[in-house]
file query_4.tsv (TSV, C-alpha atoms and all ligand atoms)
chain	number	residue	atom	x	y	z
A	1	MET	CA	89.69	109.63	94.10
A	2	MET	CA	86.11	108.55	94.79
A	3	ARG	CA	85.67	106.02	97.55
A	4	ILE	CA	82.62	104.50	99.19
A	5	PRO	CA	81.93	106.78	102.17
A	6	ASP	CA	81.60	105.14	105.58
A	7	TYR	CA	78.46	107.24	106.14
A	8	PRO	CA	76.80	107.83	102.75
A	9	SER	CA	74.23	110.54	102.25
A	10	ALA	CA	72.40	112.23	99.39
A	11	ASP	CA	75.19	114.83	99.36
A	12	SER	CA	78.11	112.36	99.34
A	13	THR	CA	79.06	113.08	95.75
A	14	ARG	CA	79.17	116.84	96.28
A	15	TRP	CA	81.18	116.45	99.51
A	16	SER	CA	83.67	114.24	97.64
A	17	LYS	CA	84.02	116.74	94.82
A	18	VAL	CA	84.92	119.52	97.24
A	19	ASP	CA	87.38	117.22	99.03
A	20	GLU	CA	88.98	116.46	95.68
A	21	TYR	CA	89.17	120.15	94.81
A	22	PHE	CA	90.78	121.01	98.17
A	23	ALA	CA	93.14	118.03	98.04
A	24	ASP	CA	94.34	118.79	94.51
A	25	LEU	CA	95.06	122.40	95.52
A	26	LEU	CA	96.31	122.07	99.08
A	27	ALA	CA	97.16	118.44	99.84
A	28	PRO	CA	98.32	117.07	96.51
A	29	THR	CA	99.14	113.40	96.32
A	30	ASP	CA	102.48	112.02	95.16
A	31	ASP	CA	104.00	108.68	94.16
A	32	HIS	CA	104.47	107.42	97.72
A	33	LEU	CA	100.98	108.31	98.94
A	34	ARG	CA	99.44	106.88	95.77
A	35	ALA	CA	101.49	103.68	96.11
A	36	THR	CA	100.42	103.40	99.77
A	37	LEU	CA	96.70	103.47	98.96
A	38	LYS	CA	97.31	101.04	96.09
A	39	GLU	CA	99.24	98.63	98.33
A	40	ASN	CA	96.49	98.84	100.99
A	41	ASP	CA	93.83	98.02	98.43
A	42	ALA	CA	95.88	95.17	96.93
A	43	SER	CA	96.46	93.75	100.45
A	44	GLY	CA	92.72	93.82	101.15
A	45	LEU	CA	92.85	96.47	103.87
A	46	PRO	CA	89.62	98.37	104.65
A	47	ALA	CA	89.62	101.91	103.18
A	48	HIS	CA	89.62	103.50	106.63
A	49	ASP	CA	92.63	105.74	106.02
A	50	VAL	CA	92.12	109.44	106.70
A	51	SER	CA	91.48	111.52	103.58
A	52	ALA	CA	94.31	113.54	102.02
A	53	THR	CA	92.90	116.80	103.41
A	54	GLN	CA	92.71	115.20	106.88
A	55	GLY	CA	96.23	113.78	106.57
A	56	LYS	CA	97.49	117.23	105.65
A	57	MET	CA	95.60	118.67	108.63
A	58	LEU	CA	97.28	116.19	111.01
A	59	GLY	CA	100.64	117.27	109.61
A	60	LEU	CA	99.74	120.94	110.09
A	61	PHE	CA	98.68	120.29	113.72
A	62	ALA	CA	102.06	118.63	114.28
A	63	ARG	CA	103.89	121.64	112.87
A	64	MET	CA	101.70	124.13	114.78
A	65	VAL	CA	102.84	122.61	118.07
A	66	GLY	CA	106.39	121.88	116.90
A	67	ALA	CA	105.90	118.16	117.51
A	68	LYS	CA	109.04	116.02	117.55
A	69	ARG	CA	107.51	112.83	118.95
A	70	ILE	CA	104.07	111.68	117.79
A	71	LEU	CA	102.13	108.62	118.97
A	72	GLU	CA	99.52	107.00	116.73
A	73	ILE	CA	97.17	104.28	117.94
A	74	GLY	CA	95.90	102.40	114.84
A	75	THR	CA	98.30	102.35	111.85
A	76	LEU	CA	96.32	100.42	109.20
A	77	GLY	CA	98.62	100.83	106.13
A	78	ALA	CA	100.45	103.87	107.56
A	79	TYR	CA	98.76	106.44	105.29
A	80	SER	CA	98.08	108.86	108.19
A	81	THR	CA	101.45	107.89	109.68
A	82	ILE	CA	103.27	109.01	106.54
A	83	TRP	CA	101.47	112.38	106.53
A	84	MET	CA	102.49	112.98	110.15
A	85	ALA	CA	106.05	111.68	109.67
A	86	ARG	CA	106.59	114.13	106.82
A	87	ALA	CA	105.64	117.02	109.10
A	88	LEU	CA	108.43	116.27	111.59
A	89	PRO	CA	111.74	118.08	111.87
A	90	PRO	CA	114.94	116.05	111.35
A	91	GLY	CA	115.34	113.52	114.16
A	92	GLY	CA	111.56	113.43	114.84
A	93	LYS	CA	109.69	110.17	115.35
A	94	VAL	CA	106.22	108.72	114.91
A	95	VAL	CA	105.56	105.71	117.12
A	96	THR	CA	102.58	103.83	115.67
A	97	ILE	CA	100.73	100.76	116.94
A	98	GLU	CA	98.92	98.12	114.85
A	99	PHE	CA	97.80	94.67	115.98
A	100	ASN	CA	96.68	93.19	112.66
A	101	GLU	CA	99.63	91.39	110.96
A	102	THR	CA	98.26	91.94	107.44
A	103	HIS	CA	97.80	95.67	108.08
A	104	ALA	CA	101.26	95.89	109.67
A	105	GLY	CA	102.81	94.09	106.68
A	106	ALA	CA	101.36	96.60	104.24
A	107	ALA	CA	102.38	99.44	106.56
A	108	ARG	CA	105.96	98.16	106.64
A	109	ARG	CA	106.15	98.06	102.84
A	110	ASN	CA	104.65	101.54	102.56
A	111	ILE	CA	106.99	103.05	105.17
A	112	GLU	CA	110.03	101.46	103.52
A	113	ARG	CA	109.03	102.67	100.02
A	114	ALA	CA	108.46	106.20	101.35
A	115	GLY	CA	111.98	106.20	102.83
A	116	LEU	CA	110.66	106.66	106.37
A	117	ASN	CA	112.14	103.62	108.16
A	118	ASP	CA	114.21	105.91	110.41
A	119	VAL	CA	111.27	108.18	111.23
A	120	ILE	CA	108.48	105.69	111.95
A	121	ASP	CA	108.62	103.03	114.70
A	122	LEU	CA	105.90	100.47	114.00
A	123	HIS	CA	104.95	98.33	117.00
A	124	VAL	CA	102.93	95.24	116.18
A	125	GLY	CA	100.61	94.20	118.99
A	126	LYS	CA	97.48	95.18	120.86
A	127	ALA	CA	97.64	98.83	121.79
A	128	LEU	CA	96.86	98.09	125.44
A	129	ASP	CA	99.90	95.75	125.56
A	130	ILE	CA	102.25	98.17	123.78
A	131	LEU	CA	101.26	101.45	125.47
A	132	PRO	CA	102.73	100.53	128.90
A	133	THR	CA	106.13	99.89	127.23
A	134	LEU	CA	106.44	103.36	125.63
A	135	ALA	CA	108.56	106.23	126.93
A	136	ALA	CA	106.75	109.52	127.65
A	137	PRO	CA	106.15	112.23	126.70
A	138	PHE	CA	104.71	112.58	123.23
A	139	ASP	CA	103.98	116.02	121.76
A	140	MET	CA	100.97	114.85	119.73
A	141	ILE	CA	98.81	111.73	120.00
A	142	PHE	CA	96.41	110.50	117.29
A	143	ILE	CA	93.83	107.97	118.51
A	144	ASP	CA	92.39	105.98	115.58
A	145	ALA	CA	92.01	102.29	116.46
A	146	ASP	CA	89.18	100.20	117.98
A	147	LYS	CA	86.67	102.72	119.34
A	148	PRO	CA	85.36	100.55	122.22
A	149	ASN	CA	88.84	100.92	123.77
A	150	ASN	CA	88.87	104.71	123.37
A	151	PRO	CA	88.22	105.25	127.11
A	152	HIS	CA	91.44	103.30	127.82
A	153	TYR	CA	93.32	105.12	125.07
A	154	ILE	CA	92.49	108.58	126.39
A	155	ARG	CA	93.74	107.55	129.86
A	156	TRP	CA	96.97	106.25	128.33
A	157	ALA	CA	97.31	109.39	126.22
A	158	LEU	CA	97.20	111.48	129.39
A	159	GLN	CA	99.77	109.20	130.99
A	160	LEU	CA	102.09	109.64	127.99
A	161	SER	CA	101.65	113.41	127.62
A	162	ARG	CA	103.05	116.64	129.03
A	163	PRO	CA	101.49	120.11	129.35
A	164	GLY	CA	100.96	121.29	125.76
A	165	THR	CA	100.54	117.83	124.21
A	166	ILE	CA	97.67	117.70	121.71
A	167	ILE	CA	95.40	114.68	121.46
A	168	VAL	CA	93.35	114.10	118.30
A	169	GLY	CA	90.57	111.48	118.12
A	170	ASP	CA	89.25	110.24	114.76
A	171	ASN	CA	85.71	109.13	113.87
A	172	VAL	CA	83.86	110.83	116.72
A	173	VAL	CA	80.70	111.65	114.73
A	174	ARG	CA	79.93	108.32	113.05
A	175	GLY	CA	77.26	109.61	110.68
A	176	GLY	CA	75.59	111.49	113.55
A	177	ALA	CA	75.19	108.42	115.75
A	178	VAL	CA	77.39	109.94	118.48
A	179	ALA	CA	74.52	112.21	119.58
A	180	ASP	CA	72.29	109.23	120.47
A	181	PRO	CA	72.60	108.50	124.19
A	182	ALA	CA	70.54	105.30	123.74
A	183	SER	CA	72.81	103.82	121.06
A	184	ASP	CA	73.88	100.26	121.76
A	185	ASP	CA	76.63	100.40	119.10
A	186	ALA	CA	79.89	99.57	120.92
A	187	ASN	CA	81.79	102.10	118.78
A	188	VAL	CA	79.35	104.90	119.62
A	189	LYS	CA	79.43	103.96	123.31
A	190	GLY	CA	83.24	103.96	123.27
A	191	VAL	CA	83.40	107.36	121.60
A	192	ARG	CA	80.79	108.86	123.94
A	193	GLU	CA	82.62	107.64	127.04
A	194	PHE	CA	85.90	108.92	125.55
A	195	LEU	CA	84.36	112.39	125.05
A	196	GLU	CA	82.86	112.36	128.55
A	197	ILE	CA	86.26	111.53	130.06
A	198	ILE	CA	87.83	114.37	128.07
A	199	ALA	CA	85.09	116.78	129.16
A	200	SER	CA	85.43	115.93	132.85
A	201	GLU	CA	89.23	115.80	132.90
A	202	PRO	CA	90.61	119.01	134.44
A	203	ARG	CA	93.96	118.51	132.65
A	204	LEU	CA	92.29	118.70	129.21
A	205	ASP	CA	90.73	121.52	127.20
A	206	ALA	CA	88.93	120.25	124.10
A	207	THR	CA	86.49	120.56	121.25
A	208	ALA	CA	85.06	118.35	118.52
A	209	ILE	CA	84.31	119.22	114.92
A	210	GLN	CA	82.10	117.54	112.32
A	211	THR	CA	83.53	116.91	108.88
A	212	VAL	CA	82.01	115.97	105.54
A	213	GLY	CA	84.03	114.84	102.57
A	214	GLU	CA	85.07	111.71	100.75
A	215	LYS	CA	84.57	109.67	103.96
A	216	GLY	CA	81.00	110.90	104.37
A	217	TRP	CA	79.90	112.51	107.66
A	218	ASP	CA	82.34	112.11	110.53
A	219	GLY	CA	84.68	114.24	112.63
A	220	PHE	CA	87.59	114.76	114.99
A	221	SER	CA	88.03	115.61	118.62
A	222	LEU	CA	90.95	117.87	119.53
A	223	ALA	CA	92.30	118.33	123.04
A	224	ILE	CA	95.29	120.02	124.59
A	225	VAL	CA	96.88	119.14	127.93
A	226	ARG	CA	96.77	122.28	130.05
A	227	GLU	CA	99.97	124.00	131.18
B	301	LIG	N1	95.24	105.73	111.12
B	301	LIG	C1	94.97	104.98	109.90
B	301	LIG	C2	93.65	104.24	109.99
B	301	LIG	C3	93.53	103.30	111.16
B	301	LIG	S1	92.17	102.19	110.99
B	301	LIG	C4	94.92	105.96	108.72
B	301	LIG	O1	94.20	106.96	108.84
B	301	LIG	O2	95.57	105.72	107.69
B	301	LIG	C5	92.21	101.43	112.56
B	301	LIG	C6	93.34	100.42	112.76
B	301	LIG	O3	93.40	100.08	114.14
B	301	LIG	C7	93.12	99.11	111.99
B	301	LIG	O4	94.23	98.81	111.17
B	301	LIG	C8	92.98	98.05	113.09
B	301	LIG	O5	93.56	96.79	112.76
B	301	LIG	C9	93.76	98.71	114.23
B	301	LIG	N2	93.39	98.20	115.56
B	301	LIG	C10	92.14	97.85	115.97
B	301	LIG	N3	92.18	97.43	117.24
B	301	LIG	C11	93.47	97.52	117.65
B	301	LIG	C12	94.14	97.26	118.88
B	301	LIG	N4	93.48	96.80	119.94
B	301	LIG	N5	95.46	97.49	118.95
B	301	LIG	C13	96.14	97.97	117.87
B	301	LIG	N6	95.56	98.25	116.69
B	301	LIG	C14	94.24	98.03	116.58
B	302	LIG	C1	86.28	102.92	110.60
B	302	LIG	C2	87.46	103.17	111.28
B	302	LIG	C3	88.20	104.32	111.01
B	302	LIG	O1	89.35	104.62	111.67
B	302	LIG	C4	87.75	105.21	110.05
B	302	LIG	O2	88.47	106.34	109.84
B	302	LIG	C5	86.61	104.94	109.35
B	302	LIG	C6	85.85	103.81	109.63
B	302	LIG	C7	85.47	101.71	110.91
B	302	LIG	O3	85.92	100.91	111.73
B	302	LIG	O4	84.38	101.61	110.38
B	303	MG	MG	89.82	106.67	111.56

call {"tool": "encode", "arguments": {"input": "query_4.tsv", "output": "structure tokens"}}
result
Amino acid sequence: MMRIPDYPSADSTRWSKVDEYFADLLAPTDDHLRATLKENDASGLPAHDVSATQGKMLGLFARMVGAKRILEIGTLGAYSTIWMARALPPGGKVVTIEFNETHAGAARRNIERAGLNDVIDLHVGKALDILPTLAAPFDMIFIDADKPNNPHYIRWALQLSRPGTIIVGDNVVRGGAVADPASDDANVKGVREFLEIIASEPRLDATAIQTVGEKGWDGFSLAIVRE
């Protein structure tokens, strides 16, 4: 599926073609995932879902660490949530937080249709109001909401983690803008402060990786809480 990349470039079409090739082979879609993207579009949600290859990667991370409890900050229509929920063993849970009622409504319909009501706990509210009410620890945490609050989210993630918890941050490249220390973009500033906190936090060991694909030029951070 072609979509308008968040960070277009002259190579966008080629990046999308490779994403499509990989996704068809390795992260094939199905009725529930297709219906989720369709519902999100019909409900007017922004196309900020992870790509299929990224969703599959989140699921693989979860399985690599044997995650049973996953926290997601920023649900949108639950596309990434569904990928992670499907990677859980029986009895596993994804707790996901969304403050926009329209987004949460679409997410609820998508989760129900996918048969994941018992696996996904959707909390509707501002992440900074919900996070203090959650029981620790989580085995994996995916941070993908409002980037200016990322410095708060990484502190909460640490609070809600245990040694071995992995913390993934989405959209840390932002078409290359992250490398500009003079940027006055609130998203870039939030992501830079988030990365600086991760770098200076002795409990975390981390990296970040650039990605190109159907979403254009962006990337993930990946951290693990030290034993
Ligand atoms: N993880 C999703 C995409 C999330 S987009 C996926 O890949 O499919 C980011 C979401 O964070 C949006 O739906 C937005 O409404 C939500 N959000 C933004 N600020 C928030 C806040 N303060 N608390 C909770 N959710 C927030
Ligand atoms: C935006 C947010 C996302 O989570 C994403 O994956 C892509 C774009 C945005 O706010 O522009
Ligand atoms: Mg994102």

call {"tool": "residues_around", "arguments": {"input": "query_4.tsv", "residues": "region 132-140 of chain A", "least_positions_apart": "2", "cutoff": "6 Å", "atoms": "all atoms listed in the file", "output": "PDB file with C-alpha atoms, in the frame of the given file"}}
result
ATOM      1  CA  ALA A  67     105.900 118.160 117.510  1.00  0.00           C
ATOM      2  CA  ARG A  69     107.510 112.830 118.950  1.00  0.00           C
ATOM      3  CA  ILE A  70     104.070 111.680 117.790  1.00  0.00           C
ATOM      4  CA  ILE A 130     102.250  98.170 123.780  1.00  0.00           C
ATOM      5  CA  LEU A 160     102.090 109.640 127.990  1.00  0.00           C
ATOM      6  CA  SER A 161     101.650 113.410 127.620  1.00  0.00           C
ATOM      7  CA  ARG A 162     103.050 116.640 129.030  1.00  0.00           C
ATOM      8  CA  THR A 165     100.540 117.830 124.210  1.00  0.00           C
ATOM      9  CA  ILE A 166      97.670 117.700 121.710  1.00  0.00           C
ATOM     10  CA  ILE A 167      95.400 114.680 121.460  1.00  0.00           C
TER      11      ILE A 167
END

call {"tool": "residues_near_ligand", "arguments": {"input": "query_4.tsv", "ligand": "ligand LIG 302 (chain B)", "cutoff": "9 Å", "atoms": "all atoms listed in the file", "output": "tab-separated table (two decimals) with C-alpha atoms, keeping the file's coordinate frame"}}
result
chain	number	residue	atom	x	y	z
A	5	PRO	CA	81.93	106.78	102.17
A	6	ASP	CA	81.60	105.14	105.58
A	7	TYR	CA	78.46	107.24	106.14
A	46	PRO	CA	89.62	98.37	104.65
A	47	ALA	CA	89.62	101.91	103.18
A	48	HIS	CA	89.62	103.50	106.63
A	49	ASP	CA	92.63	105.74	106.02
A	50	VAL	CA	92.12	109.44	106.70
A	51	SER	CA	91.48	111.52	103.58
A	74	GLY	CA	95.90	102.40	114.84
A	76	LEU	CA	96.32	100.42	109.20
A	143	ILE	CA	93.83	107.97	118.51
A	144	ASP	CA	92.39	105.98	115.58
A	145	ALA	CA	92.01	102.29	116.46
A	146	ASP	CA	89.18	100.20	117.98
A	147	LYS	CA	86.67	102.72	119.34
A	170	ASP	CA	89.25	110.24	114.76
A	171	ASN	CA	85.71	109.13	113.87
A	174	ARG	CA	79.93	108.32	113.05
A	187	ASN	CA	81.79	102.10	118.78
A	215	LYS	CA	84.57	109.67	103.96
A	218	ASP	CA	82.34	112.11	110.53

call {"tool": "atom_distance", "arguments": {"input": "query_4.tsv", "atom1": "CA of Ser43 (chain A)", "atom2": "CA of Asn110 (chain A)"}}
result
11.5 Å

call {"tool": "residues_near_ligand", "arguments": {"input": "query_4.tsv", "ligand": "ligand LIG 301 (chain B)", "cutoff": "10 Å", "atoms": "all atoms listed in the file", "output": "ChimeraX atom specification"}}
result
/A:36-37,40,45-52,54-55,58,72-83,96-104,107,123-131,142-150,153,170-171

call {"tool": "residues_around", "arguments": {"input": "query_4.tsv", "residues": "Leu71 (chain A)", "least_positions_apart": "6", "cutoff": "6 Å", "atoms": "all atoms listed in the file", "output": "list in words"}}
result
Val94, Val95, Thr96 and Ile141 of chain A

call {"tool": "closest_residue", "arguments": {"input": "query_4.tsv", "among": "A:Leu88, A:Ala114, A:Ile209, A:Ile224", "to": "Asp30 (chain A)", "atoms": "only C-alpha atoms"}}
result
A:Ala114

call {"tool": "closest_residue", "arguments": {"input": "query_4.tsv", "among": "A:Val18, A:Met57, A:Leu222, A:Val168", "to": "Thr207 (chain A)", "atoms": "only C-alpha atoms"}}
result
A:Leu222

call {"tool": "closest_residue", "arguments": {"input": "query_4.tsv", "among": "A:Leu116, A:Ala106, A:Val172, A:Ala35", "to": "ligand MG 303 (chain B)", "atoms": "all atoms listed in the file"}}
result
A:Val172

call {"tool": "closest_residue", "arguments": {"input": "query_4.tsv", "among": "A:Ile197, A:Val173, A:Leu204, A:Ala179", "to": "ligand MG 303 (chain B)", "atoms": "all atoms listed in the file"}}
result
A:Val173

call {"tool": "atom_distance", "arguments": {"input": "query_4.tsv", "atom1": "CA of Pro151 (chain A)", "atom2": "CA of Gly216 (chain A)"}}
result
24.5 Å

call {"tool": "atom_distance", "arguments": {"input": "query_4.tsv", "atom1": "CA of Gly92 (chain A)", "atom2": "CA of Ile120 (chain A)"}}
result
8.8 Å

call {"tool": "closest_residue", "arguments": {"input": "query_4.tsv", "among": "A:Lys68, A:Arg192, A:Arg34, A:Arg113", "to": "Ala177 (chain A)", "atoms": "only C-alpha atoms"}}
result
A:Arg192

call {"tool": "residues_around", "arguments": {"input": "query_4.tsv", "residues": "Pro28 (chain A)", "least_positions_apart": "5", "cutoff": "10 Å", "atoms": "all atoms listed in the file", "output": "PDB file with C-alpha atoms, in the coordinates of the input"}}
result
ATOM      1  CA  GLU A  20      88.980 116.460  95.680  1.00  0.00           C
ATOM      2  CA  TYR A  21      89.170 120.150  94.810  1.00  0.00           C
ATOM      3  CA  PHE A  22      90.780 121.010  98.170  1.00  0.00           C
ATOM      4  CA  ALA A  23      93.140 118.030  98.040  1.00  0.00           C
ATOM      5  CA  LEU A  33     100.980 108.310  98.940  1.00  0.00           C
ATOM      6  CA  ALA A  52      94.310 113.540 102.020  1.00  0.00           C
ATOM      7  CA  THR A  53      92.900 116.800 103.410  1.00  0.00           C
ATOM      8  CA  LYS A  56      97.490 117.230 105.650  1.00  0.00           C
TER       9      LYS A  56
END

call {"tool": "closest_residue", "arguments": {"input": "query_4.tsv", "among": "A:Gly164, A:Gly44, A:Glu214, A:Gly115", "to": "Gly66 (chain A)", "atoms": "all atoms listed in the file"}}
result
A:Gly164

call {"tool": "residues_around", "arguments": {"input": "query_4.tsv", "residues": "Trp217 (chain A)", "least_positions_apart": "3", "cutoff": "6 Å", "atoms": "all atoms listed in the file", "output": "PyMOL selection string"}}
result
chain A and resi 7+175+211-212

call {"tool": "residues_near_point", "arguments": {"input": "query_4.tsv", "point": "(98.1, 118.3, 134.2)", "cutoff": "8 Å", "atoms": "all atoms listed in the file", "output": "MDAnalysis selection string"}}
result
chainID A and resid 162:163 202:204 225:227

call {"tool": "decode", "arguments": {"input": "query_4.tsv", "residues": "region 174-194 of chain A", "atoms": "N, CA and C atoms", "output": "compact mmCIF listing (two decimals), in the first residue's frame"}}
result
# COMPACT_ATOMS: atom_id res chain seq x y z
N ARG A 174 12.91 11.86 12.25
CA ARG A 174 12.15 13.01 11.81
C ARG A 174 12.74 13.65 10.55
N GLY A 175 13.00 12.82 9.54
CA GLY A 175 13.53 13.33 8.29
C GLY A 175 14.91 13.97 8.44
N GLY A 176 15.66 13.54 9.47
CA GLY A 176 17.00 14.05 9.70
C GLY A 176 17.06 15.21 10.67
N ALA A 177 15.91 15.77 10.99
CA ALA A 177 15.87 16.99 11.82
C ALA A 177 16.44 16.76 13.22
N VAL A 178 16.48 15.51 13.67
CA VAL A 178 16.95 15.24 15.03
C VAL A 178 18.40 15.66 15.24
N ALA A 179 19.19 15.71 14.15
CA ALA A 179 20.61 16.03 14.29
C ALA A 179 20.87 17.53 14.37
N ASP A 180 19.82 18.34 14.34
CA ASP A 180 19.98 19.80 14.38
C ASP A 180 19.81 20.33 15.80
N PRO A 181 20.91 20.68 16.45
CA PRO A 181 20.82 21.13 17.84
C PRO A 181 20.11 22.48 17.96
N ALA A 182 20.00 23.22 16.84
CA ALA A 182 19.38 24.56 16.89
C ALA A 182 17.90 24.50 16.54
N SER A 183 17.38 23.32 16.28
CA SER A 183 15.97 23.21 15.88
C SER A 183 15.05 23.80 16.94
N ASP A 184 14.04 24.55 16.48
CA ASP A 184 13.07 25.03 17.48
C ASP A 184 11.74 24.28 17.34
N ASP A 185 11.75 23.17 16.61
CA ASP A 185 10.60 22.27 16.50
C ASP A 185 10.42 21.54 17.84
N ALA A 186 9.25 21.68 18.44
CA ALA A 186 9.00 21.09 19.77
C ALA A 186 9.14 19.57 19.75
N ASN A 187 8.81 18.93 18.60
CA ASN A 187 8.96 17.48 18.50
C ASN A 187 10.44 17.08 18.50
N VAL A 188 11.23 17.82 17.72
CA VAL A 188 12.67 17.55 17.66
C VAL A 188 13.30 17.77 19.03
N LYS A 189 12.91 18.88 19.68
CA LYS A 189 13.47 19.17 21.01
C LYS A 189 13.12 18.06 22.00
N GLY A 190 11.87 17.59 21.93
CA GLY A 190 11.42 16.52 22.83
C GLY A 190 12.19 15.24 22.60
N VAL A 191 12.40 14.91 21.33
CA VAL A 191 13.13 13.68 21.00
C VAL A 191 14.60 13.81 21.41
N ARG A 192 15.20 14.98 21.18
CA ARG A 192 16.62 15.16 21.55
C ARG A 192 16.80 15.05 23.07
N GLU A 193 15.91 15.66 23.81
CA GLU A 193 16.02 15.59 25.29
C GLU A 193 15.82 14.14 25.77
N PHE A 194 14.85 13.47 25.14
CA PHE A 194 14.59 12.04 25.42
C PHE A 194 15.87 11.21 25.21
